[in-house]
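Peer 1: Encoded as structure tokens, here's the structure I'll be asking about.
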Amino acid sequence: MTATEPNRGVGTNGAPAAAVATDLTKVYGTGETQVTALDGVSVGFRRGEYTAIMGPSGSGKSTLMHCMAGLDSISGGSVRLGDVELSSLSDKQLTLLRREKVGFVFQSFNLLPTLTALENITLPMDIAGVKPDQAWLDHVIETVDLRNRLKHRPSELSGGQQQRVACARAMASKPEIIFADEPTGNLDSRSGAEVLGFLRTSVRESGQTIVMVTHDPNAASYADRVLFLADGKIVDEMLSPTSDLVLERMKRFEAARTV
């Protein structure tokens, strides 16, 4: 399967697609100020797979993630999460879908400073009035290795620990897919490796589906595949990436853009 064959929706592990975009376009502005951020993108993200999205600044990688996650409207084409077409949903239905089916991890952690680590992890479920699956919650907490830090507030945690809390929060409700936007962008290399290792483990041991936007070749090397965007289009795909191979590919793209 290639990046431009979303409707086949089956990877080498036999898993169907958790999310699919078909001829997806996103346009900002009108007239002379109009910018096409996504230009006819078709792609599927398979269940139980870790995908990294890379590209130069302005290539559309964050826009693609936001459209796929239902955080931003689309200008044309379609986006499906599972069997649900996002454009068919009302704002209320879309909010409910994101709450039940999607997890988010952002560069800035987005933790509430007055809550403990555990309270931050369970906050989305508390807001929704949903009781956590205690066995699953315990599994997630053990996976992020924060059992002894659950009563600590964000200011009492390192950056890496805060991001692991954010990852645990994203996983706690058993979402079908997690979108991570530069999750290691504010972390040192050691803390970043901890978070990336946790995301890799969640795919391998829990069958989680993860789509991660990153500019870091080392971060991308944790993924099963890497999609490369340029000028709002998917221009290449790499399976079983290594940091050296990703860096080499990115250098080639940059060289081609400057010619």
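So you can find residues: chains in the structure tokens are A, B, ... in the order shown, residues in each start at 1, and ligands are numbered from 1 in order.
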Excluding same-chain residues fewer than 2 positions from Leu115 in chain A, what lies within 9 Å of it counting only C-alpha atoms, as number ranges by chain?

Peer 2: A: 111-113, 117-120, 151-154

Peer 1: Kindly save the residues from that selection, with C-alpha atoms included, as a PDB file, in the first residue's frame.

Peer 2:
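Output file selection04.pdb is given in full below:
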ATOM      1  CA  LEU A 111      -1.696  20.172  31.867  1.00  0.00           C
ATOM      2  CA  LEU A 112      -3.752  22.032  34.472  1.00  0.00           C
ATOM      3  CA  PRO A 113      -1.329  23.320  37.126  1.00  0.00           C
ATOM      4  CA  ALA A 117      -0.796  14.047  37.710  1.00  0.00           C
ATOM      5  CA  LEU A 118      -3.572  11.501  38.249  1.00  0.00           C
ATOM      6  CA  GLU A 119      -6.275  14.172  38.099  1.00  0.00           C
ATOM      7  CA  ASN A 120      -4.803  15.461  34.824  1.00  0.00           C
ATOM      8  CA  LYS A 151       0.024  12.978  43.611  1.00  0.00           C
ATOM      9  CA  HIS A 152       2.472  15.549  42.273  1.00  0.00           C
ATOM     10  CA  ARG A 153       1.354  18.669  40.441  1.00  0.00           C
ATOM     11  CA  PRO A 154       2.918  19.632  37.081  1.00  0.00           C
TER      12      PRO A 154
END

Peer 1: Identify all residues of range 29-256 of chain A in helix (DSSP H, G or I) (DSSP on the backbone) and supply them as a short mmCIF file (atom, residue, chain, number, x, y, z; two decimals) with N, CA, C and O atoms, in the first residue's frame.

Peer 2:
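Result file states_33.cif:
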data_model
loop_
_atom_site.label_atom_id
_atom_site.label_comp_id
_atom_site.auth_asym_id
_atom_site.auth_seq_id
_atom_site.Cartn_x
_atom_site.Cartn_y
_atom_site.Cartn_z
N GLY A 31 -8.92 35.22 -2.46
CA GLY A 31 -8.29 36.18 -3.36
C GLY A 31 -6.77 36.10 -3.34
O GLY A 31 -6.18 35.02 -3.33
N GLU A 32 -6.12 37.27 -3.28
CA GLU A 32 -4.66 37.33 -3.33
C GLU A 32 -4.01 36.76 -2.08
O GLU A 32 -2.82 36.39 -2.11
N THR A 33 -4.75 36.66 -0.99
CA THR A 33 -4.18 36.14 0.26
C THR A 33 -4.45 34.64 0.42
O THR A 33 -4.12 34.06 1.45
N LYS A 61 2.00 19.76 7.31
CA LYS A 61 1.96 18.58 8.18
C LYS A 61 1.04 18.76 9.39
O LYS A 61 0.26 17.87 9.71
N SER A 62 1.12 19.90 10.07
CA SER A 62 0.23 20.12 11.21
C SER A 62 -1.22 20.31 10.75
O SER A 62 -2.15 19.85 11.41
N THR A 63 -1.41 20.96 9.61
CA THR A 63 -2.75 21.13 9.07
C THR A 63 -3.38 19.78 8.76
O THR A 63 -4.56 19.55 9.05
N LEU A 64 -2.60 18.87 8.19
CA LEU A 64 -3.11 17.53 7.91
C LEU A 64 -3.55 16.84 9.19
O LEU A 64 -4.64 16.26 9.24
N MET A 65 -2.73 16.91 10.22
CA MET A 65 -3.08 16.28 11.48
C MET A 65 -4.35 16.89 12.07
O MET A 65 -5.25 16.19 12.53
N HIS A 66 -4.44 18.22 12.05
CA HIS A 66 -5.61 18.89 12.63
C HIS A 66 -6.89 18.55 11.86
O HIS A 66 -7.95 18.38 12.47
N CYS A 67 -6.79 18.45 10.55
CA CYS A 67 -7.98 18.07 9.75
C CYS A 67 -8.36 16.62 10.01
O CYS A 67 -9.55 16.29 10.12
N MET A 68 -7.39 15.74 10.09
CA MET A 68 -7.66 14.32 10.34
C MET A 68 -8.27 14.11 11.72
O MET A 68 -9.08 13.21 11.93
N LEU A 86 -16.40 12.72 8.85
CA LEU A 86 -16.44 13.87 9.76
C LEU A 86 -17.34 14.99 9.27
O LEU A 86 -17.97 15.68 10.06
N SER A 87 -17.40 15.20 7.95
CA SER A 87 -18.20 16.30 7.42
C SER A 87 -19.69 16.10 7.65
O SER A 87 -20.48 17.05 7.52
N SER A 88 -20.11 14.88 7.98
CA SER A 88 -21.52 14.60 8.20
C SER A 88 -21.96 14.90 9.63
O SER A 88 -23.15 14.81 9.94
N ASP A 91 -21.44 20.02 15.13
CA ASP A 91 -20.38 20.40 16.06
C ASP A 91 -20.44 19.56 17.34
O ASP A 91 -19.41 19.13 17.86
N LYS A 92 -21.65 19.33 17.82
CA LYS A 92 -21.81 18.54 19.04
C LYS A 92 -21.37 17.10 18.82
O LYS A 92 -20.70 16.51 19.67
N GLN A 93 -21.76 16.52 17.69
CA GLN A 93 -21.38 15.15 17.38
C GLN A 93 -19.86 15.03 17.20
O GLN A 93 -19.25 14.05 17.61
N LEU A 94 -19.27 16.04 16.57
CA LEU A 94 -17.83 16.04 16.35
C LEU A 94 -17.08 16.12 17.68
O LEU A 94 -16.08 15.42 17.88
N THR A 95 -17.57 16.95 18.59
CA THR A 95 -16.96 17.04 19.92
C THR A 95 -17.03 15.71 20.64
O THR A 95 -16.06 15.27 21.26
N LEU A 96 -18.18 15.05 20.55
CA LEU A 96 -18.36 13.76 21.20
C LEU A 96 -17.44 12.71 20.58
O LEU A 96 -16.83 11.90 21.30
N LEU A 97 -17.30 12.73 19.26
CA LEU A 97 -16.42 11.78 18.59
C LEU A 97 -14.97 11.96 19.03
O LEU A 97 -14.27 10.98 19.33
N ARG A 98 -14.52 13.22 19.07
CA ARG A 98 -13.15 13.47 19.51
C ARG A 98 -12.94 13.01 20.95
O ARG A 98 -11.89 12.44 21.28
N ARG A 99 -13.92 13.22 21.78
CA ARG A 99 -13.81 12.84 23.19
C ARG A 99 -13.72 11.33 23.34
O ARG A 99 -12.96 10.82 24.18
N GLU A 100 -14.47 10.59 22.52
CA GLU A 100 -14.56 9.14 22.69
C GLU A 100 -13.54 8.36 21.86
O GLU A 100 -13.13 7.27 22.26
N LYS A 101 -13.14 8.91 20.71
CA LYS A 101 -12.34 8.13 19.78
C LYS A 101 -10.92 8.62 19.58
O LYS A 101 -10.09 7.89 19.01
N ALA A 117 -1.04 14.82 38.93
CA ALA A 117 -0.80 14.05 37.71
C ALA A 117 -1.97 13.12 37.43
O ALA A 117 -2.46 13.05 36.29
N LEU A 118 -2.45 12.42 38.44
CA LEU A 118 -3.57 11.50 38.25
C LEU A 118 -4.83 12.25 37.83
O LEU A 118 -5.56 11.80 36.93
N GLU A 119 -5.09 13.39 38.45
CA GLU A 119 -6.27 14.17 38.10
C GLU A 119 -6.19 14.70 36.67
O GLU A 119 -7.20 14.77 35.97
N ASN A 120 -4.98 15.05 36.22
CA ASN A 120 -4.80 15.46 34.82
C ASN A 120 -5.04 14.30 33.87
O ASN A 120 -5.64 14.48 32.81
N ILE A 121 -4.61 13.11 34.26
CA ILE A 121 -4.78 11.94 33.40
C ILE A 121 -6.26 11.61 33.21
O ILE A 121 -6.71 11.28 32.11
N THR A 122 -7.02 11.70 34.27
CA THR A 122 -8.43 11.30 34.20
C THR A 122 -9.37 12.46 33.88
O THR A 122 -10.58 12.24 33.75
N LEU A 123 -8.84 13.67 33.72
CA LEU A 123 -9.68 14.86 33.53
C LEU A 123 -10.68 14.73 32.38
O LEU A 123 -11.87 15.02 32.57
N PRO A 124 -10.28 14.31 31.17
CA PRO A 124 -11.27 14.20 30.09
C PRO A 124 -12.43 13.27 30.43
O PRO A 124 -13.58 13.56 30.08
N MET A 125 -12.13 12.15 31.08
CA MET A 125 -13.19 11.23 31.48
C MET A 125 -14.06 11.82 32.58
O MET A 125 -15.28 11.62 32.60
N ASP A 126 -13.43 12.56 33.50
CA ASP A 126 -14.20 13.22 34.57
C ASP A 126 -15.18 14.23 33.98
O ASP A 126 -16.34 14.32 34.40
N ILE A 127 -14.72 14.99 33.00
CA ILE A 127 -15.57 15.99 32.35
C ILE A 127 -16.74 15.31 31.63
O ILE A 127 -17.87 15.80 31.65
N ALA A 128 -16.44 14.16 31.02
CA ALA A 128 -17.47 13.43 30.27
C ALA A 128 -18.38 12.62 31.18
O ALA A 128 -19.39 12.07 30.71
N GLN A 134 -10.43 0.76 35.41
CA GLN A 134 -9.33 0.82 36.36
C GLN A 134 -8.16 -0.06 35.96
O GLN A 134 -6.99 0.32 36.11
N ALA A 135 -8.45 -1.23 35.41
CA ALA A 135 -7.37 -2.12 35.00
C ALA A 135 -6.55 -1.48 33.88
O ALA A 135 -5.31 -1.55 33.88
N TRP A 136 -7.23 -0.87 32.91
CA TRP A 136 -6.54 -0.20 31.82
C TRP A 136 -5.78 1.02 32.32
O TRP A 136 -4.62 1.25 31.92
N LEU A 137 -6.39 1.79 33.22
CA LEU A 137 -5.73 2.96 33.77
C LEU A 137 -4.46 2.56 34.50
O LEU A 137 -3.41 3.22 34.36
N ASP A 138 -4.52 1.49 35.27
CA ASP A 138 -3.32 1.00 35.97
C ASP A 138 -2.24 0.59 34.97
O ASP A 138 -1.05 0.85 35.18
N HIS A 139 -2.66 -0.04 33.88
CA HIS A 139 -1.71 -0.46 32.84
C HIS A 139 -1.02 0.76 32.23
O HIS A 139 0.21 0.77 32.03
N VAL A 140 -1.80 1.79 31.92
CA VAL A 140 -1.24 3.00 31.32
C VAL A 140 -0.26 3.67 32.28
O VAL A 140 0.84 4.08 31.89
N ILE A 141 -0.64 3.76 33.55
CA ILE A 141 0.22 4.40 34.55
C ILE A 141 1.53 3.64 34.71
O ILE A 141 2.61 4.24 34.84
N GLU A 142 1.45 2.32 34.70
CA GLU A 142 2.67 1.52 34.79
C GLU A 142 3.53 1.71 33.55
O GLU A 142 4.77 1.78 33.64
N THR A 143 2.89 1.81 32.39
CA THR A 143 3.63 1.97 31.14
C THR A 143 4.40 3.29 31.11
O THR A 143 5.55 3.35 30.64
N VAL A 144 3.81 4.36 31.62
CA VAL A 144 4.49 5.66 31.64
C VAL A 144 5.41 5.81 32.84
O VAL A 144 6.11 6.81 32.98
N ARG A 147 3.92 5.82 38.62
CA ARG A 147 3.17 5.36 39.79
C ARG A 147 3.50 6.17 41.04
O ARG A 147 2.61 6.49 41.84
N ASN A 148 4.77 6.54 41.21
CA ASN A 148 5.19 7.26 42.42
C ASN A 148 5.05 8.77 42.29
O ASN A 148 5.43 9.50 43.21
N ARG A 149 4.49 9.23 41.18
CA ARG A 149 4.38 10.69 40.97
C ARG A 149 2.93 11.14 40.77
O ARG A 149 2.68 12.29 40.43
N PRO A 154 1.99 19.45 38.20
CA PRO A 154 2.92 19.63 37.08
C PRO A 154 4.20 20.36 37.46
O PRO A 154 5.28 20.00 36.96
N SER A 155 4.11 21.38 38.32
CA SER A 155 5.31 22.14 38.70
C SER A 155 6.31 21.30 39.47
O SER A 155 7.48 21.69 39.59
N GLU A 156 5.87 20.17 39.97
CA GLU A 156 6.76 19.28 40.73
C GLU A 156 7.31 18.14 39.86
O GLU A 156 7.99 17.25 40.36
N GLY A 159 10.03 18.07 32.73
CA GLY A 159 9.35 18.20 31.45
C GLY A 159 8.97 16.86 30.86
O GLY A 159 7.87 16.68 30.34
N GLY A 160 9.89 15.90 30.96
CA GLY A 160 9.60 14.57 30.44
C GLY A 160 8.46 13.90 31.18
O GLY A 160 7.61 13.23 30.57
N GLN A 161 8.42 14.07 32.50
CA GLN A 161 7.33 13.49 33.29
C GLN A 161 6.00 14.15 32.95
O GLN A 161 4.97 13.48 32.85
N GLN A 162 6.01 15.47 32.74
CA GLN A 162 4.78 16.16 32.36
C GLN A 162 4.25 15.64 31.03
O GLN A 162 3.05 15.43 30.86
N GLN A 163 5.16 15.43 30.07
CA GLN A 163 4.70 14.95 28.77
C GLN A 163 4.22 13.50 28.86
O GLN A 163 3.30 13.11 28.15
N ARG A 164 4.81 12.72 29.76
CA ARG A 164 4.32 11.35 29.95
C ARG A 164 2.93 11.37 30.58
O ARG A 164 2.09 10.51 30.29
N VAL A 165 2.66 12.35 31.46
CA VAL A 165 1.31 12.52 31.99
C VAL A 165 0.35 12.84 30.83
O VAL A 165 -0.75 12.29 30.74
N ALA A 166 0.78 13.72 29.94
CA ALA A 166 -0.06 14.08 28.79
C ALA A 166 -0.31 12.87 27.90
O ALA A 166 -1.42 12.69 27.38
N CYS A 167 0.70 12.03 27.72
CA CYS A 167 0.53 10.81 26.92
C CYS A 167 -0.44 9.85 27.60
O CYS A 167 -1.30 9.24 26.95
N ALA A 168 -0.31 9.72 28.92
CA ALA A 168 -1.21 8.84 29.66
C ALA A 168 -2.64 9.37 29.58
O ALA A 168 -3.60 8.58 29.45
N ARG A 169 -2.82 10.68 29.65
CA ARG A 169 -4.15 11.28 29.52
C ARG A 169 -4.75 10.94 28.16
O ARG A 169 -5.94 10.63 28.05
N ALA A 170 -3.92 10.99 27.12
CA ALA A 170 -4.40 10.70 25.77
C ALA A 170 -4.83 9.25 25.64
O ALA A 170 -5.75 8.93 24.89
N MET A 171 -4.16 8.35 26.36
CA MET A 171 -4.44 6.92 26.23
C MET A 171 -5.52 6.40 27.17
O MET A 171 -6.10 5.35 26.94
N ALA A 172 -5.77 7.14 28.26
CA ALA A 172 -6.58 6.62 29.37
C ALA A 172 -7.99 6.21 28.95
O ALA A 172 -8.57 5.28 29.53
N SER A 189 16.98 15.76 25.07
CA SER A 189 17.08 14.50 24.34
C SER A 189 16.72 13.29 25.20
O SER A 189 16.06 12.36 24.72
N ARG A 190 17.11 13.30 26.46
CA ARG A 190 16.81 12.16 27.32
C ARG A 190 15.32 12.06 27.60
O ARG A 190 14.73 10.97 27.49
N SER A 191 14.70 13.18 27.96
CA SER A 191 13.26 13.18 28.22
C SER A 191 12.48 12.84 26.96
O SER A 191 11.47 12.12 27.00
N GLY A 192 12.95 13.36 25.83
CA GLY A 192 12.29 13.06 24.56
C GLY A 192 12.33 11.58 24.25
O GLY A 192 11.34 11.00 23.79
N ALA A 193 13.47 10.95 24.52
CA ALA A 193 13.59 9.51 24.28
C ALA A 193 12.63 8.72 25.17
O ALA A 193 12.07 7.70 24.74
N GLU A 194 12.42 9.18 26.40
CA GLU A 194 11.48 8.52 27.30
C GLU A 194 10.07 8.55 26.73
O GLU A 194 9.35 7.54 26.73
N VAL A 195 9.66 9.72 26.26
CA VAL A 195 8.31 9.87 25.72
C VAL A 195 8.15 9.06 24.43
O VAL A 195 7.15 8.35 24.25
N LEU A 196 9.13 9.11 23.56
CA LEU A 196 9.05 8.36 22.31
C LEU A 196 9.04 6.86 22.57
O LEU A 196 8.34 6.10 21.90
N GLY A 197 9.81 6.44 23.57
CA GLY A 197 9.81 5.03 23.94
C GLY A 197 8.45 4.59 24.44
O GLY A 197 7.99 3.48 24.13
N PHE A 198 7.79 5.45 25.21
CA PHE A 198 6.46 5.13 25.70
C PHE A 198 5.47 5.01 24.54
O PHE A 198 4.67 4.07 24.48
N LEU A 199 5.52 5.95 23.60
CA LEU A 199 4.62 5.89 22.45
C LEU A 199 4.87 4.61 21.64
O LEU A 199 3.92 3.95 21.21
N ARG A 200 6.15 4.26 21.46
CA ARG A 200 6.48 3.03 20.72
C ARG A 200 5.92 1.80 21.45
O ARG A 200 5.37 0.89 20.84
N THR A 201 6.07 1.79 22.78
CA THR A 201 5.57 0.67 23.58
C THR A 201 4.06 0.57 23.50
O THR A 201 3.50 -0.54 23.44
N SER A 202 3.37 1.71 23.48
CA SER A 202 1.91 1.69 23.45
C SER A 202 1.39 1.11 22.14
O SER A 202 0.33 0.49 22.10
N VAL A 203 2.16 1.29 21.06
CA VAL A 203 1.80 0.68 19.78
C VAL A 203 2.07 -0.82 19.81
O VAL A 203 1.22 -1.64 19.45
N ARG A 204 3.25 -1.19 20.29
CA ARG A 204 3.67 -2.59 20.27
C ARG A 204 2.85 -3.45 21.24
O ARG A 204 2.44 -4.56 20.89
N GLU A 205 2.62 -2.95 22.44
CA GLU A 205 1.99 -3.78 23.47
C GLU A 205 0.48 -3.57 23.60
O GLU A 205 -0.23 -4.49 24.03
N SER A 206 0.00 -2.40 23.22
CA SER A 206 -1.42 -2.10 23.40
C SER A 206 -2.17 -1.93 22.08
O SER A 206 -3.37 -1.69 22.09
N PRO A 217 14.42 13.89 12.89
CA PRO A 217 14.64 12.57 12.30
C PRO A 217 14.76 11.45 13.34
O PRO A 217 14.33 10.32 13.08
N ASN A 218 15.35 11.76 14.49
CA ASN A 218 15.46 10.74 15.53
C ASN A 218 14.08 10.35 16.05
O ASN A 218 13.80 9.16 16.25
N ALA A 219 13.20 11.33 16.25
CA ALA A 219 11.84 11.03 16.69
C ALA A 219 11.12 10.19 15.64
O ALA A 219 10.42 9.23 15.97
N ALA A 220 11.30 10.53 14.38
CA ALA A 220 10.64 9.79 13.31
C ALA A 220 11.11 8.35 13.24
O ALA A 220 10.37 7.46 12.80
N SER A 243 17.04 7.12 11.74
CA SER A 243 17.28 8.56 11.79
C SER A 243 18.18 9.02 10.64
O SER A 243 17.97 10.08 10.05
N ASP A 244 19.18 8.20 10.28
CA ASP A 244 20.09 8.58 9.19
C ASP A 244 19.36 8.61 7.85
O ASP A 244 19.56 9.53 7.05
N LEU A 245 18.51 7.61 7.59
CA LEU A 245 17.77 7.58 6.34
C LEU A 245 16.79 8.75 6.23
O LEU A 245 16.64 9.35 5.17
N VAL A 246 16.12 9.05 7.35
CA VAL A 246 15.17 10.17 7.36
C VAL A 246 15.90 11.48 7.12
O VAL A 246 15.46 12.33 6.33
N LEU A 247 17.03 11.67 7.80
CA LEU A 247 17.81 12.90 7.64
C LEU A 247 18.28 13.06 6.20
O LEU A 247 18.20 14.15 5.62
N GLU A 248 18.74 11.97 5.60
CA GLU A 248 19.18 12.01 4.21
C GLU A 248 18.04 12.40 3.28
O GLU A 248 18.21 13.22 2.37
N ARG A 249 16.85 11.83 3.52
CA ARG A 249 15.69 12.14 2.68
C ARG A 249 15.29 13.61 2.84
O ARG A 249 14.98 14.29 1.85
N MET A 250 15.31 14.11 4.07
CA MET A 250 14.95 15.51 4.31
C MET A 250 15.95 16.45 3.64
O MET A 250 15.55 17.49 3.08
N LYS A 251 17.22 16.11 3.67
CA LYS A 251 18.23 16.95 3.02
C LYS A 251 17.99 17.02 1.52
O LYS A 251 18.17 18.07 0.90
N ARG A 252 17.57 15.89 0.94
CA ARG A 252 17.29 15.86 -0.49
C ARG A 252 16.12 16.79 -0.84
O ARG A 252 16.14 17.50 -1.84
N PHE A 253 15.08 16.75 0.02
CA PHE A 253 13.93 17.62 -0.22
C PHE A 253 14.32 19.09 -0.13
O PHE A 253 13.92 19.91 -0.95
N GLU A 254 15.12 19.42 0.88
CA GLU A 254 15.54 20.82 1.06
C GLU A 254 16.37 21.27 -0.12
O GLU A 254 16.24 22.40 -0.60
N ALA A 255 17.25 20.39 -0.61
CA ALA A 255 18.10 20.74 -1.76
C ALA A 255 17.25 20.99 -3.00
O ALA A 255 17.49 21.92 -3.76
N ALA A 256 16.22 20.13 -3.18
CA ALA A 256 15.36 20.29 -4.35
C ALA A 256 14.56 21.59 -4.28
O ALA A 256 14.30 22.22 -5.32
#

Peer 1: Under the rule that only C-alpha atoms are counted, which of A:Leu157, A:Leu150, A:Val27, A:Leu38 is the nearest residue to Ala230 in chain A?

Peer 2: A:Leu38

Peer 1: Please provide as a PyMOL selection string all residues within 10 Å of Leu239 in chain A, with the sequence filter that same-chain residues fewer than 5 positions apart are discarded (counting only C-alpha atoms).

Peer 2: chain A and resi 51+221+223-227

Peer 1: I need the residues in range 147-241 of chain A that are strand (DSSP E) according to DSSP; give them as a PyMOL selection string.

Peer 2: chain A and resi 177-181+210-213+225-230+233-239

Peer 1: What is the CA of Ser42 in chain A to CA of Gln208 in chain A distance in Å?

Peer 2: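 CA of Ser42 in chain A sits 21.9 Å away from CA of Gln208 in chain A.
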
Peer 1: Can you list, as an mmCIF file with N, CA, C and O atoms, in the first residue's frame, every protein, DNA or RNA residue that comes within 6 Å of Gly55 in chain A when you count only C-alpha atoms, leaving out same-chain residues fewer than 4 positions away?

Peer 2:
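The resulting file, out_25.cif, is reproduced below:
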data_model
loop_
_atom_site.group_PDB
_atom_site.id
_atom_site.type_symbol
_atom_site.label_atom_id
_atom_site.label_comp_id
_atom_site.auth_asym_id
_atom_site.auth_seq_id
_atom_site.Cartn_x
_atom_site.Cartn_y
_atom_site.Cartn_z
ATOM 1 N N SER A 59 4.758 23.049 5.069
ATOM 2 C CA SER A 59 4.444 21.970 4.123
ATOM 3 C C SER A 59 3.025 21.444 4.289
ATOM 4 O O SER A 59 2.510 20.760 3.410
ATOM 5 N N PHE A 228 6.260 12.049 4.042
ATOM 6 C CA PHE A 228 6.923 13.323 3.795
ATOM 7 C C PHE A 228 5.992 14.233 3.000
ATOM 8 O O PHE A 228 5.481 13.825 1.946
ATOM 9 N N LEU A 229 5.774 15.434 3.512
ATOM 10 C CA LEU A 229 4.934 16.418 2.846
ATOM 11 C C LEU A 229 5.778 17.562 2.313
ATOM 12 O O LEU A 229 6.790 17.950 2.919
ATOM 13 N N ALA A 230 5.349 18.116 1.201
ATOM 14 C CA ALA A 230 5.946 19.328 0.651
ATOM 15 C C ALA A 230 4.872 20.064 -0.128
ATOM 16 O O ALA A 230 4.152 19.459 -0.926
#

Peer 1: Work out how far CA of Gly60 in chain A is from CA of Asp72 in chain A, in Å to one decimal.

Peer 2: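 Between these atoms lies a distance of 12.6 Å.
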
Peer 1: From the list A:Leu187, A:Ala15, A:Met238, A:Val20, which residue is nearest Val84 in chain A when using only C-alpha atoms?

Peer 2: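 So, comparing all the options, the nearest one is A:Val20.
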
Peer 1: Could you check how far CA of Lys26 in chain A sits from CA of Val43 in chain A, in Å to one decimal?

Peer 2: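 CA of Lys26 in chain A sits 14.6 Å away from CA of Val43 in chain A.
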